[in-house]
file run_23.tsv (TSV, C-alpha atoms and all ligand atoms)
chain	number	residue	atom	x	y	z
A	96	MET	CA	0.00	0.00	0.00
A	97	GLY	CA	2.76	2.39	-1.00
A	98	SER	CA	3.08	4.62	-4.02
A	99	GLY	CA	3.20	1.67	-6.42
A	100	PRO	CA	3.80	-0.84	-7.74
A	101	SER	CA	0.71	-2.12	-5.95
A	102	ASN	CA	-0.14	-5.81	-5.69
A	103	ALA	CA	-0.72	-7.32	-9.12
A	104	GLU	CA	-3.96	-9.28	-9.55
A	105	PRO	CA	-3.41	-13.08	-9.51
A	106	ARG	CA	-5.39	-13.35	-12.78
A	107	VAL	CA	-2.93	-10.96	-14.41
A	108	LEU	CA	0.10	-12.85	-13.13
A	109	GLN	CA	-1.41	-16.09	-14.37
A	110	ALA	CA	-1.92	-14.62	-17.86
A	111	MET	CA	1.82	-13.92	-17.97
A	112	SER	CA	2.72	-17.57	-17.64
A	113	ALA	CA	1.71	-18.42	-21.23
A	114	ALA	CA	4.46	-19.33	-23.71
A	115	PRO	CA	6.16	-16.35	-25.42
A	116	LEU	CA	5.01	-15.43	-28.95
A	117	ALA	CA	7.43	-14.87	-31.81
A	118	ALA	CA	7.30	-11.61	-33.79
A	119	ASP	CA	5.59	-13.24	-36.79
A	120	ASP	CA	3.10	-15.33	-34.81
A	121	PRO	CA	-0.43	-14.35	-35.96
A	122	ALA	CA	-1.52	-14.57	-32.33
A	123	LEU	CA	0.71	-11.56	-31.59
A	124	GLY	CA	-1.24	-9.44	-34.10
A	125	VAL	CA	-4.49	-10.46	-32.42
A	126	LEU	CA	-3.07	-9.66	-29.00
A	127	LEU	CA	-1.96	-6.17	-30.11
A	128	GLU	CA	-5.34	-5.46	-31.66
A	129	ASP	CA	-7.15	-6.63	-28.52
A	130	LEU	CA	-4.93	-4.46	-26.43
A	131	ALA	CA	-5.43	-1.36	-28.59
A	132	ALA	CA	-9.22	-1.82	-28.44
A	133	LEU	CA	-9.13	-2.16	-24.66
A	134	GLU	CA	-6.85	0.90	-24.37
A	135	ARG	CA	-9.36	2.96	-26.37
A	136	HIS	CA	-11.98	2.27	-23.68
A	137	VAL	CA	-9.71	2.85	-20.72
A	138	PHE	CA	-8.18	6.06	-22.13
A	139	GLN	CA	-11.63	7.16	-23.43
A	140	THR	CA	-10.33	7.87	-26.91
A	141	GLN	CA	-10.99	7.14	-30.55
A	142	ASN	CA	-7.26	7.35	-31.33
A	143	GLN	CA	-6.08	4.80	-33.84
A	144	ALA	CA	-2.63	4.80	-32.24
A	145	CYS	CA	-2.89	2.88	-28.96
A	146	LEU	CA	0.48	1.31	-28.26
A	147	ALA	CA	2.20	-0.69	-25.57
A	148	LEU	CA	5.91	-0.24	-24.93
A	149	THR	CA	7.72	-2.71	-22.79
A	150	GLY	CA	9.78	-0.83	-20.25
A	151	ALA	CA	9.10	1.26	-17.18
A	152	SER	CA	6.39	3.92	-17.46
A	153	ARG	CA	9.11	6.50	-17.95
A	154	ALA	CA	10.09	4.63	-21.11
A	155	GLY	CA	6.64	5.60	-22.42
A	156	LEU	CA	7.15	9.21	-21.32
A	157	GLU	CA	10.60	9.31	-22.88
A	158	ALA	CA	9.33	7.74	-26.10
A	159	ALA	CA	6.57	10.35	-26.32
A	160	LEU	CA	8.95	13.25	-25.70
A	161	ALA	CA	11.67	11.88	-28.00
A	162	SER	CA	9.12	11.42	-30.77
A	163	LEU	CA	7.33	14.74	-30.35
A	164	ILE	CA	10.23	17.14	-29.78
A	165	GLU	CA	12.61	18.46	-32.41
A	166	PRO	CA	15.78	19.91	-30.89
A	167	GLY	CA	15.19	23.58	-30.08
A	168	ASP	CA	11.42	23.22	-29.66
A	169	ARG	CA	9.84	25.24	-26.91
A	170	VAL	CA	8.21	22.88	-24.37
A	171	LEU	CA	6.13	24.18	-21.47
A	172	VAL	CA	5.93	21.90	-18.41
A	173	GLY	CA	3.55	22.31	-15.48
A	174	VAL	CA	5.43	21.23	-12.36
A	175	TYR	CA	3.72	20.53	-9.02
A	176	GLY	CA	5.77	17.55	-7.87
A	177	HIS	CA	8.56	15.11	-8.61
A	178	PHE	CA	7.12	13.70	-11.84
A	179	GLY	CA	6.80	17.17	-13.37
A	180	GLU	CA	10.54	17.52	-12.70
A	181	LEU	CA	11.04	14.21	-14.52
A	182	LEU	CA	9.18	15.60	-17.56
A	183	CYS	CA	11.45	18.68	-17.54
A	184	SER	CA	14.60	16.62	-17.41
A	185	LEU	CA	13.49	14.16	-20.11
A	186	ALA	CA	12.37	17.01	-22.40
A	187	SER	CA	15.65	18.87	-22.02
A	188	ARG	CA	17.68	15.70	-22.67
A	189	HIS	CA	15.84	15.47	-26.00
A	190	GLY	CA	16.83	18.99	-26.93
A	191	ALA	CA	13.81	21.02	-25.86
A	192	ARG	CA	14.00	24.58	-24.60
A	193	VAL	CA	12.05	23.90	-21.42
A	194	GLU	CA	9.94	26.57	-19.75
A	195	ARG	CA	7.97	25.80	-16.65
A	196	VAL	CA	5.04	26.92	-14.55
A	197	ASP	CA	5.42	25.81	-10.93
A	198	ALA	CA	3.10	25.20	-8.01
A	199	GLU	CA	4.06	24.53	-4.43
A	200	TRP	CA	4.10	20.82	-3.54
A	201	GLY	CA	0.70	19.96	-2.10
A	202	THR	CA	-1.30	22.23	-4.41
A	203	PRO	CA	-2.26	21.98	-8.09
A	204	LEU	CA	-1.14	24.46	-10.73
A	205	ASP	CA	-2.97	27.74	-11.05
A	206	VAL	CA	-4.89	26.89	-14.24
A	207	ALA	CA	-5.34	30.54	-15.23
A	208	ALA	CA	-1.57	31.11	-14.96
A	209	MET	CA	-0.88	27.97	-16.95
A	210	VAL	CA	-3.35	28.97	-19.67
A	211	ALA	CA	-1.91	32.49	-19.82
A	212	GLN	CA	1.59	31.08	-20.20
A	213	ILE	CA	0.46	28.72	-22.98
A	214	ARG	CA	-1.00	31.69	-24.88
A	215	LYS	CA	2.09	33.79	-24.28
A	216	ALA	CA	4.81	31.19	-24.94
A	217	MET	CA	2.99	29.42	-27.82
A	218	PRO	CA	5.01	26.24	-27.13
A	219	ARG	CA	5.28	23.33	-29.52
A	220	LEU	CA	4.33	20.98	-26.68
A	221	VAL	CA	2.81	21.25	-23.22
A	222	ALA	CA	3.68	18.40	-20.83
A	223	ILE	CA	1.94	17.84	-17.56
A	224	VAL	CA	1.32	15.15	-14.95
A	225	HIS	CA	-2.37	14.43	-14.41
A	226	ALA	CA	-1.90	13.02	-10.90
A	227	ASP	CA	1.48	13.35	-9.21
A	228	THR	CA	2.37	10.46	-6.91
A	229	SER	CA	4.86	12.56	-4.97
A	230	THR	CA	2.22	15.01	-3.73
A	231	GLY	CA	-1.11	13.19	-4.14
A	232	ILE	CA	-2.50	16.11	-6.12
A	233	LEU	CA	-4.76	15.89	-9.18
A	234	GLN	CA	-4.37	18.46	-11.94
A	235	PRO	CA	-7.53	19.12	-14.01
A	236	LEU	CA	-6.59	19.13	-17.69
A	237	ASP	CA	-9.66	20.30	-19.62
A	238	SER	CA	-8.92	24.06	-19.72
A	239	ILE	CA	-5.25	23.37	-20.38
A	240	GLY	CA	-6.21	21.09	-23.28
A	241	ALA	CA	-8.47	23.80	-24.73
A	242	ALA	CA	-5.68	26.40	-24.50
A	243	CYS	CA	-3.29	24.02	-26.27
A	244	GLN	CA	-5.76	23.63	-29.15
A	245	GLU	CA	-6.07	27.44	-29.41
A	246	VAL	CA	-2.35	27.90	-30.03
A	247	ASP	CA	-1.87	24.60	-31.89
A	248	ALA	CA	0.37	23.13	-29.19
A	249	LEU	CA	0.35	19.40	-28.52
A	250	LEU	CA	-0.57	18.22	-25.01
A	251	LEU	CA	1.23	15.31	-23.36
A	252	ALA	CA	-0.27	13.95	-20.11
A	253	ASP	CA	1.37	11.53	-17.68
A	254	VAL	CA	-1.58	9.44	-16.46
A	255	VAL	CA	0.59	6.70	-14.91
A	256	LEU	CA	-1.03	7.09	-11.50
A	257	SER	CA	-4.53	8.13	-12.50
A	258	ILE	CA	-5.39	5.56	-15.17
A	259	GLY	CA	-7.86	3.02	-13.77
A	260	GLY	CA	-8.26	4.91	-10.47
A	261	CYS	CA	-10.09	8.07	-11.53
A	262	GLU	CA	-11.41	9.60	-14.71
A	263	VAL	CA	-9.01	9.99	-17.61
A	264	ASP	CA	-10.80	11.44	-20.66
A	265	VAL	CA	-8.17	11.75	-23.38
A	266	ASP	CA	-10.47	12.94	-26.16
A	267	GLY	CA	-12.76	15.01	-23.93
A	268	TRP	CA	-9.84	16.98	-22.51
A	269	GLY	CA	-7.92	17.39	-25.77
A	270	VAL	CA	-4.93	15.32	-24.69
A	271	ASP	CA	-2.74	14.39	-27.68
A	272	VAL	CA	-0.49	11.85	-26.03
A	273	ALA	CA	-1.25	10.05	-22.78
A	274	VAL	CA	1.10	7.63	-21.07
A	275	GLY	CA	-0.16	5.18	-18.46
A	276	GLY	CA	1.31	2.29	-16.47
A	277	LEU	CA	-0.11	-1.01	-15.27
A	278	GLN	CA	1.45	-0.96	-11.83
A	279	LYS	CA	-0.64	1.56	-9.93
A	280	CYS	CA	-4.42	1.30	-10.33
A	281	LEU	CA	-4.71	-1.26	-13.13
A	282	GLY	CA	-3.58	-4.25	-11.07
A	283	GLY	CA	-0.64	-5.27	-13.24
A	284	PRO	CA	3.11	-5.50	-12.69
A	285	PRO	CA	5.56	-2.73	-13.64
A	286	GLY	CA	7.30	-3.07	-16.99
A	287	LEU	CA	4.89	-1.84	-19.64
A	288	ALA	CA	3.78	1.65	-20.68
A	289	LEU	CA	0.42	2.20	-22.37
A	290	VAL	CA	0.63	5.07	-24.85
A	291	THR	CA	-2.10	6.64	-26.93
A	292	CYS	CA	-1.40	9.26	-29.55
A	293	SER	CA	-3.86	11.51	-31.42
A	294	ALA	CA	-3.99	11.68	-35.23
A	295	ARG	CA	-2.92	15.34	-34.89
A	296	ALA	CA	0.26	14.29	-33.05
A	297	MET	CA	0.96	11.32	-35.33
A	298	ARG	CA	0.45	13.35	-38.52
A	299	GLY	CA	1.96	16.59	-37.34
A	300	ARG	CA	4.98	15.25	-35.56
A	301	VAL	CA	5.58	11.59	-34.75
A	302	SER	CA	5.59	10.22	-38.28
A	303	ARG	CA	7.10	13.35	-39.88
A	304	ARG	CA	9.95	14.35	-37.62
A	305	SER	CA	13.53	13.50	-38.44
A	306	GLN	CA	14.71	10.37	-36.69
A	307	PRO	CA	14.71	10.74	-32.91
A	308	HIS	CA	17.99	10.00	-31.15
A	309	THR	CA	16.53	6.73	-29.97
A	310	ALA	CA	15.50	3.71	-31.98
A	311	TYR	CA	13.86	1.57	-29.33
A	312	LEU	CA	11.77	4.47	-28.02
A	313	ASP	CA	10.62	5.82	-31.39
A	314	LEU	CA	6.81	5.86	-31.26
A	315	ALA	CA	6.61	5.58	-35.04
A	316	ARG	CA	8.40	2.23	-34.88
A	317	ALA	CA	7.32	0.68	-31.58
A	318	GLU	CA	7.52	-2.88	-32.82
A	319	VAL	CA	9.50	-4.91	-30.33
A	320	HIS	CA	7.46	-6.52	-27.60
A	321	SER	CA	7.87	-8.63	-24.52
A	322	THR	CA	4.79	-10.74	-25.04
A	323	HIS	CA	4.28	-11.76	-21.41
A	324	MET	CA	3.92	-8.05	-20.52
A	325	LEU	CA	1.38	-7.62	-23.34
A	326	LEU	CA	-0.57	-10.58	-21.95
A	327	ALA	CA	-0.47	-8.97	-18.51
A	328	ALA	CA	-1.71	-5.67	-19.95
A	329	ARG	CA	-4.60	-7.32	-21.80
A	330	GLU	CA	-5.73	-9.16	-18.69
A	331	ALA	CA	-5.40	-6.07	-16.49
A	332	LEU	CA	-7.44	-3.95	-18.90
A	333	ARG	CA	-10.06	-6.69	-19.27
A	334	MET	CA	-10.45	-6.88	-15.51
A	335	THR	CA	-10.74	-3.09	-15.36
A	336	LEU	CA	-13.46	-2.98	-17.98
A	337	ASP	CA	-15.26	-6.03	-16.53
A	338	GLU	CA	-15.55	-4.12	-13.28
A	339	GLY	CA	-16.61	-0.96	-15.15
A	340	LEU	CA	-14.63	2.27	-15.27
A	341	THR	CA	-16.96	4.34	-13.13
A	342	GLN	CA	-17.39	1.52	-10.61
A	343	ARG	CA	-13.62	1.26	-10.34
A	344	TRP	CA	-13.20	5.01	-9.89
A	345	ASP	CA	-15.90	4.93	-7.18
A	346	ARG	CA	-14.12	2.05	-5.44
A	347	HIS	CA	-10.88	4.03	-5.34
A	348	HIS	CA	-12.73	7.08	-4.07
A	349	ARG	CA	-14.47	5.12	-1.28
A	350	ALA	CA	-11.23	3.43	-0.21
A	351	SER	CA	-9.35	6.71	0.13
A	352	ARG	CA	-12.25	8.30	1.97
A	353	ALA	CA	-12.26	5.40	4.43
A	354	LEU	CA	-8.50	5.60	4.85
A	355	ARG	CA	-8.60	9.34	5.50
A	356	VAL	CA	-11.44	9.07	8.02
A	357	GLY	CA	-9.45	6.38	9.85
A	358	LEU	CA	-6.16	8.29	9.83
A	359	GLU	CA	-7.85	11.41	11.18
A	360	ALA	CA	-9.61	9.37	13.89
A	361	MET	CA	-6.14	8.20	14.91
A	362	GLY	CA	-5.18	11.85	15.43
A	363	LEU	CA	-2.94	12.07	12.34
A	364	ARG	CA	-2.92	15.06	9.99
A	365	LEU	CA	-3.34	14.70	6.25
A	366	PHE	CA	-0.99	16.64	3.99
A	367	GLY	CA	-1.87	18.86	1.03
A	368	GLU	CA	-4.93	20.54	-0.41
A	369	LEU	CA	-7.50	17.80	0.12
A	370	SER	CA	-10.06	19.25	-2.29
A	371	SER	CA	-7.48	18.68	-5.07
A	372	SER	CA	-6.29	15.29	-3.88
A	373	VAL	CA	-6.28	12.05	-5.84
A	374	PRO	CA	-8.25	9.04	-4.63
A	375	MET	CA	-5.38	6.56	-4.90
A	376	ILE	CA	-2.68	7.97	-2.66
A	377	THR	CA	-2.90	9.73	0.69
A	378	LEU	CA	-0.11	11.75	2.25
A	379	VAL	CA	-0.06	11.84	6.02
A	380	GLU	CA	2.21	13.96	8.19
A	381	VAL	CA	4.71	12.15	10.40
A	382	PRO	CA	3.98	13.17	14.01
A	383	GLU	CA	6.70	15.25	15.68
A	384	GLY	CA	9.52	13.17	17.13
A	385	LEU	CA	8.65	9.86	15.42
A	386	ASP	CA	11.21	7.95	13.37
A	387	GLU	CA	9.67	8.13	9.87
A	388	ALA	CA	11.62	5.20	8.39
A	389	GLY	CA	11.43	3.14	11.59
A	390	VAL	CA	7.63	3.17	11.52
A	391	ARG	CA	7.56	2.00	7.91
A	392	GLN	CA	10.06	-0.77	8.59
A	393	GLN	CA	8.13	-1.97	11.64
A	394	LEU	CA	4.84	-1.94	9.72
A	395	LEU	CA	6.42	-4.08	7.02
A	396	ALA	CA	8.16	-6.47	9.40
A	397	GLU	CA	5.28	-6.97	11.84
A	398	HIS	CA	2.20	-6.48	9.65
A	399	ASP	CA	3.48	-7.23	6.14
A	400	ILE	CA	2.22	-3.85	4.92
A	401	GLU	CA	4.37	-1.48	2.91
A	402	ILE	CA	3.89	2.27	2.87
A	403	MET	CA	6.28	4.74	1.31
A	404	ALA	CA	8.54	7.64	2.20
A	405	ALA	CA	8.34	10.92	0.29
A	406	PHE	CA	10.60	12.78	-2.14
A	407	GLY	CA	12.20	16.20	-2.28
A	408	PRO	CA	10.84	18.82	0.11
A	409	LEU	CA	8.51	16.27	1.72
A	410	ARG	CA	11.21	13.71	2.56
A	411	GLY	CA	11.01	12.70	6.22
A	412	ARG	CA	7.85	14.81	6.72
A	413	VAL	CA	5.09	12.57	5.33
A	414	TRP	CA	4.22	8.96	4.62
A	415	ARG	CA	2.52	8.06	1.36
A	416	ILE	CA	-0.20	5.42	1.59
A	417	GLY	CA	-1.67	3.95	-1.57
A	418	THR	CA	-5.18	2.63	-2.13
A	419	MET	CA	-4.57	1.42	-5.67
A	420	GLY	CA	-5.99	-1.40	-7.73
A	421	THR	CA	-6.78	-4.43	-5.63
A	422	ASN	CA	-5.82	-2.55	-2.44
A	423	ALA	CA	-8.57	0.03	-2.96
A	424	ARG	CA	-10.82	-2.06	-0.72
A	425	LEU	CA	-12.03	-1.83	2.86
A	426	PRO	CA	-10.26	-4.98	4.12
A	427	SER	CA	-6.90	-3.57	3.00
A	428	VAL	CA	-7.70	-0.17	4.51
A	429	ARG	CA	-8.74	-1.75	7.83
A	430	ALA	CA	-5.60	-3.92	7.93
A	431	LEU	CA	-3.43	-0.87	7.30
A	432	LEU	CA	-5.18	1.20	9.97
A	433	SER	CA	-4.94	-1.58	12.59
A	434	GLY	CA	-1.29	-2.22	11.79
A	435	LEU	CA	-0.30	1.44	11.80
A	436	GLU	CA	-2.20	2.02	15.02
A	437	ALA	CA	-0.32	-0.86	16.70
A	438	VAL	CA	3.05	0.43	15.47
A	439	LEU	CA	2.39	4.02	16.54
A	440	ALA	CA	1.06	2.92	19.96
A	441	SER	CA	4.17	0.77	20.49
A	442	ARG	CA	6.24	3.92	19.91
A	443	GLY	CA	4.37	5.83	22.59
A	444	LEU	CA	1.92	7.85	20.52
A	445	PRO	CA	-1.26	8.37	22.58
A	446	ILE	CA	-3.86	6.57	20.48
A	447	THR	CA	-7.32	5.26	21.33
A	448	ARG	CA	-7.04	1.68	20.14
A	449	GLY	CA	-9.76	0.70	17.68
A	450	ALA	CA	-10.89	4.28	17.03
A	451	ALA	CA	-9.69	4.33	13.41
A	452	VAL	CA	-11.44	1.16	12.31
A	453	ASP	CA	-14.58	2.15	14.24
A	454	ALA	CA	-14.60	5.53	12.47
A	455	VAL	CA	-14.32	3.80	9.11
A	456	THR	CA	-17.25	1.52	9.94
A	457	ARG	CA	-19.37	4.50	11.05
A	458	ALA	CA	-18.47	6.49	7.93
A	501	LIG	C1	2.94	9.93	-11.94
A	501	LIG	C2	4.08	9.03	-12.31
A	501	LIG	N1	4.68	9.17	-13.50
A	501	LIG	C3	5.69	8.38	-13.89
A	501	LIG	C4	6.18	7.39	-13.08
A	501	LIG	C5	7.34	6.57	-13.54
A	501	LIG	O1	7.03	5.22	-13.53
A	501	LIG	P1	8.22	4.14	-13.70
A	501	LIG	O2	8.92	4.12	-12.37
A	501	LIG	O3	7.53	2.87	-14.02
A	501	LIG	O4	9.10	4.62	-14.77
A	501	LIG	C6	5.59	7.19	-11.83
A	501	LIG	C7	6.10	6.16	-10.91
A	501	LIG	O5	5.92	6.19	-9.73
A	501	LIG	C8	4.52	8.03	-11.45
A	501	LIG	O6	3.95	7.89	-10.25
call {"tool": "encode", "arguments": {"input": "run_23.tsv", "output": "structure tokens"}}
result
Amino acid sequence: MGSGPSNAEPRVLQAMSAAPLAADDPALGVLLEDLAALERHVFQTQNQACLALTGASRAGLEAALASLIEPGDRVLVGVYGHFGELLCSLASRHGARVERVDAEWGTPLDVAAMVAQIRKAMPRLVAIVHADTSTGILQPLDSIGAACQEVDALLLADVVLSIGGCEVDVDGWGVDVAVGGLQKCLGGPPGLALVTCSARAMRGRVSRRSQPHTAYLDLARAEVHSTHMLLAAREALRMTLDEGLTQRWDRHHRASRALRVGLEAMGLRLFGELSSSVPMITLVEVPEGLDEAGVRQQLLAEHDIEIMAAFGPLRGRVWRIGTMGTNARLPSVRALLSGLEAVLASRGLPITRGAAVDAVTRA
């Protein structure tokens, strides 16, 4: 129950145990078509280009940036956490002139400021994280997408955390390229990036630009596949759609609400602007005087539950607790609350035992 990878679904792991497929096996073509069709539903898009790249999610982000940017292009990045910084560094490595709009960690970007900067800078590409795992903040994209269309900029969205856990509406928000991962809310293992690309981006840039300085991560030629990861992705997306997108988003929302009610009943303080928070990760402040890492280690050793530390300015100040995929359920939330309560009580924090789980039941 950290910041991901979350537990993969047994059905997904089982799907990976099939024999590998060779590049010219007709079954591979069927698998890729199935996967693209499933991606269209999950990304909520009509895009023809729905790809799967084997590699970490950042391989998908790097492929998108490498394929969209010509050296010297102006790229505007909205940064409100660690993964916005990652977009800046990947874009500059691929030759972009990066400009940025920043928000303090724990708050979203000021949309009006972002829109004004898009109109002023007229960038080739705008890159933004939809939900940043380092801060637990969700960034609405619809007005930003509309501003990009106005100035004919492409919009790249990192939906690695949000996909499968809350709404991602690629076409509705005017997102040109979205990159997702299996390992957060889709119930799969890490190692595959889902990428969808609009016709505007394919026509205008990906298939026209001079060769990117990468062959493996060229979106126009994404042809090499680890088939067991494709099988995992198909199963994970099938399970997601079998459950229903809105039902799955609701489940994530309910789980985080339960977790937050329980943490507050334990006397802990939540971090960040809660009205802008995502439903799949919760940041909680480490009480004064407690050993941040010691608590996590004890929770793992004694209760078999993993939560995560934080990055950058939040390091040592907050824990990050995930309710993602299969863990976005009340039994997981209750187990976490009971375990954390026991660990904190053992370290002398004055806690009314049972209050957190009781509060969840009442709520
Ligand atoms: C929002 C976001 N983007 C990108 C990534 C990068 O994923 P990976 O570590 O698989 O490259 C992560 C991973 O935590 C993430 O949370």
call {"tool": "residues_around", "arguments": {"input": "run_23.tsv", "residues": "A:Asp227", "least_positions_apart": "4", "cutoff": "7 Å", "atoms": "only C-alpha atoms", "output": "list in words"}}
result
Gly176, Phe178, Gly231, Ile232 and Leu233 of chain A
call {"tool": "write_last_selection", "arguments": {"input": "run_23.tsv", "atoms": "C-alpha atoms", "output": "mmCIF file, keeping the file's coordinate frame"}}
result
data_model
loop_
_atom_site.group_PDB
_atom_site.id
_atom_site.type_symbol
_atom_site.label_atom_id
_atom_site.label_comp_id
_atom_site.auth_asym_id
_atom_site.auth_seq_id
_atom_site.Cartn_x
_atom_site.Cartn_y
_atom_site.Cartn_z
ATOM 1 C CA GLY A 176 5.770 17.550 -7.870
ATOM 2 C CA PHE A 178 7.120 13.700 -11.840
ATOM 3 C CA GLY A 231 -1.110 13.190 -4.140
ATOM 4 C CA ILE A 232 -2.500 16.110 -6.120
ATOM 5 C CA LEU A 233 -4.760 15.890 -9.180
#
call {"tool": "closest_residue", "arguments": {"input": "run_23.tsv", "among": "A:Arg349, A:His398, A:Arg355, A:Arg448", "to": "A:Arg415", "atoms": "only C-alpha atoms"}}
result
A:Arg355
call {"tool": "residues_around", "arguments": {"input": "run_23.tsv", "residues": "A:Ala423", "least_positions_apart": "6", "cutoff": "7 Å", "atoms": "all atoms listed in the file", "output": "ChimeraX atom specification"}}
result
/A:346-347,350
call {"tool": "closest_residue", "arguments": {"input": "run_23.tsv", "among": "A:Asp453, A:Gly201, A:Thr228, A:Ser371", "to": "A:Met403", "atoms": "only C-alpha atoms"}}
result
A:Thr228
call {"tool": "residues_around", "arguments": {"input": "run_23.tsv", "residues": "A:His320", "least_positions_apart": "3", "cutoff": "10 Å", "atoms": "all atoms listed in the file", "output": "tab-separated table (two decimals) with C-alpha atoms, in the frame of the given file"}}
result
chain	number	residue	atom	x	y	z
A	116	LEU	CA	5.01	-15.43	-28.95
A	117	ALA	CA	7.43	-14.87	-31.81
A	118	ALA	CA	7.30	-11.61	-33.79
A	123	LEU	CA	0.71	-11.56	-31.59
A	127	LEU	CA	-1.96	-6.17	-30.11
A	147	ALA	CA	2.20	-0.69	-25.57
A	148	LEU	CA	5.91	-0.24	-24.93
A	149	THR	CA	7.72	-2.71	-22.79
A	150	GLY	CA	9.78	-0.83	-20.25
A	287	LEU	CA	4.89	-1.84	-19.64
A	317	ALA	CA	7.32	0.68	-31.58
A	323	HIS	CA	4.28	-11.76	-21.41
A	324	MET	CA	3.92	-8.05	-20.52
A	325	LEU	CA	1.38	-7.62	-23.34
call {"tool": "residues_near_ligand", "arguments": {"input": "run_23.tsv", "ligand": "ligand LIG 501 (chain A)", "cutoff": "6 Å", "atoms": "all atoms listed in the file", "output": "compact mmCIF listing (two decimals) with C-alpha atoms, in the coordinates of the input"}}
result
# COMPACT_ATOMS: atom_id res chain seq x y z
CA ALA A 151 9.10 1.26 -17.18
CA SER A 152 6.39 3.92 -17.46
CA ARG A 153 9.11 6.50 -17.95
CA PHE A 178 7.12 13.70 -11.84
CA ALA A 226 -1.90 13.02 -10.90
CA ASP A 227 1.48 13.35 -9.21
CA THR A 228 2.37 10.46 -6.91
CA ASP A 253 1.37 11.53 -17.68
CA VAL A 255 0.59 6.70 -14.91
CA LEU A 256 -1.03 7.09 -11.50
CA PRO A 285 5.56 -2.73 -13.64
call {"tool": "closest_residue", "arguments": {"input": "run_23.tsv", "among": "A:Val301, A:Ala208, A:Leu160, A:Leu444", "to": "A:Gly384", "atoms": "all atoms listed in the file"}}
result
A:Leu444
call {"tool": "atom_distance", "arguments": {"input": "run_23.tsv", "atom1": "atom CA of A:Glu359", "atom2": "atom CA of A:Ala451"}}
result
7.6 Å
call {"tool": "atom_distance", "arguments": {"input": "run_23.tsv", "atom1": "atom CA of A:Gly97", "atom2": "atom CA of A:Ala159"}}
result
26.8 Å
call {"tool": "residues_near_point", "arguments": {"input": "run_23.tsv", "point": "(1.6, 15.8, -2.4)", "cutoff": "12 Å", "atoms": "all atoms listed in the file", "output": "PyMOL selection string"}}
result
chain A and resi 98+174-178+198-203+226-234+365-369+371-373+375-380+404-410+412-416
call {"tool": "closest_residue", "arguments": {"input": "run_23.tsv", "among": "A:Val196, A:Ala310, A:Leu171, A:Met111", "to": "A:Gly283", "atoms": "only C-alpha atoms"}}
result
A:Met111
call {"tool": "axis_aligned_box", "arguments": {"input": "run_23.tsv", "around": "stretch 343-355 of chain A", "padding_each_side": "5 Å", "output": "AutoDock Vina command-line options"}}
result
--center_x -12.2 --center_y 5.3 --center_z -2.4 --size_x 17.4 --size_y 18.1 --size_z 25.8
call {"tool": "residues_around", "arguments": {"input": "run_23.tsv", "residues": "A:Arg333", "least_positions_apart": "6", "cutoff": "10 Å", "atoms": "only C-alpha atoms", "output": "ChimeraX atom specification"}}
result
/A:107,129-130,133-134,137,281,327,339
call {"tool": "residues_near_point", "arguments": {"input": "run_23.tsv", "point": "(-1.0, 24.6, -14.8)", "cutoff": "10 Å", "atoms": "only C-alpha atoms", "output": "count of residues only"}}
result
29
call {"tool": "atom_distance", "arguments": {"input": "run_23.tsv", "atom1": "atom CA of A:Ala328", "atom2": "atom CA of A:Leu277"}}
result
6.8 Å
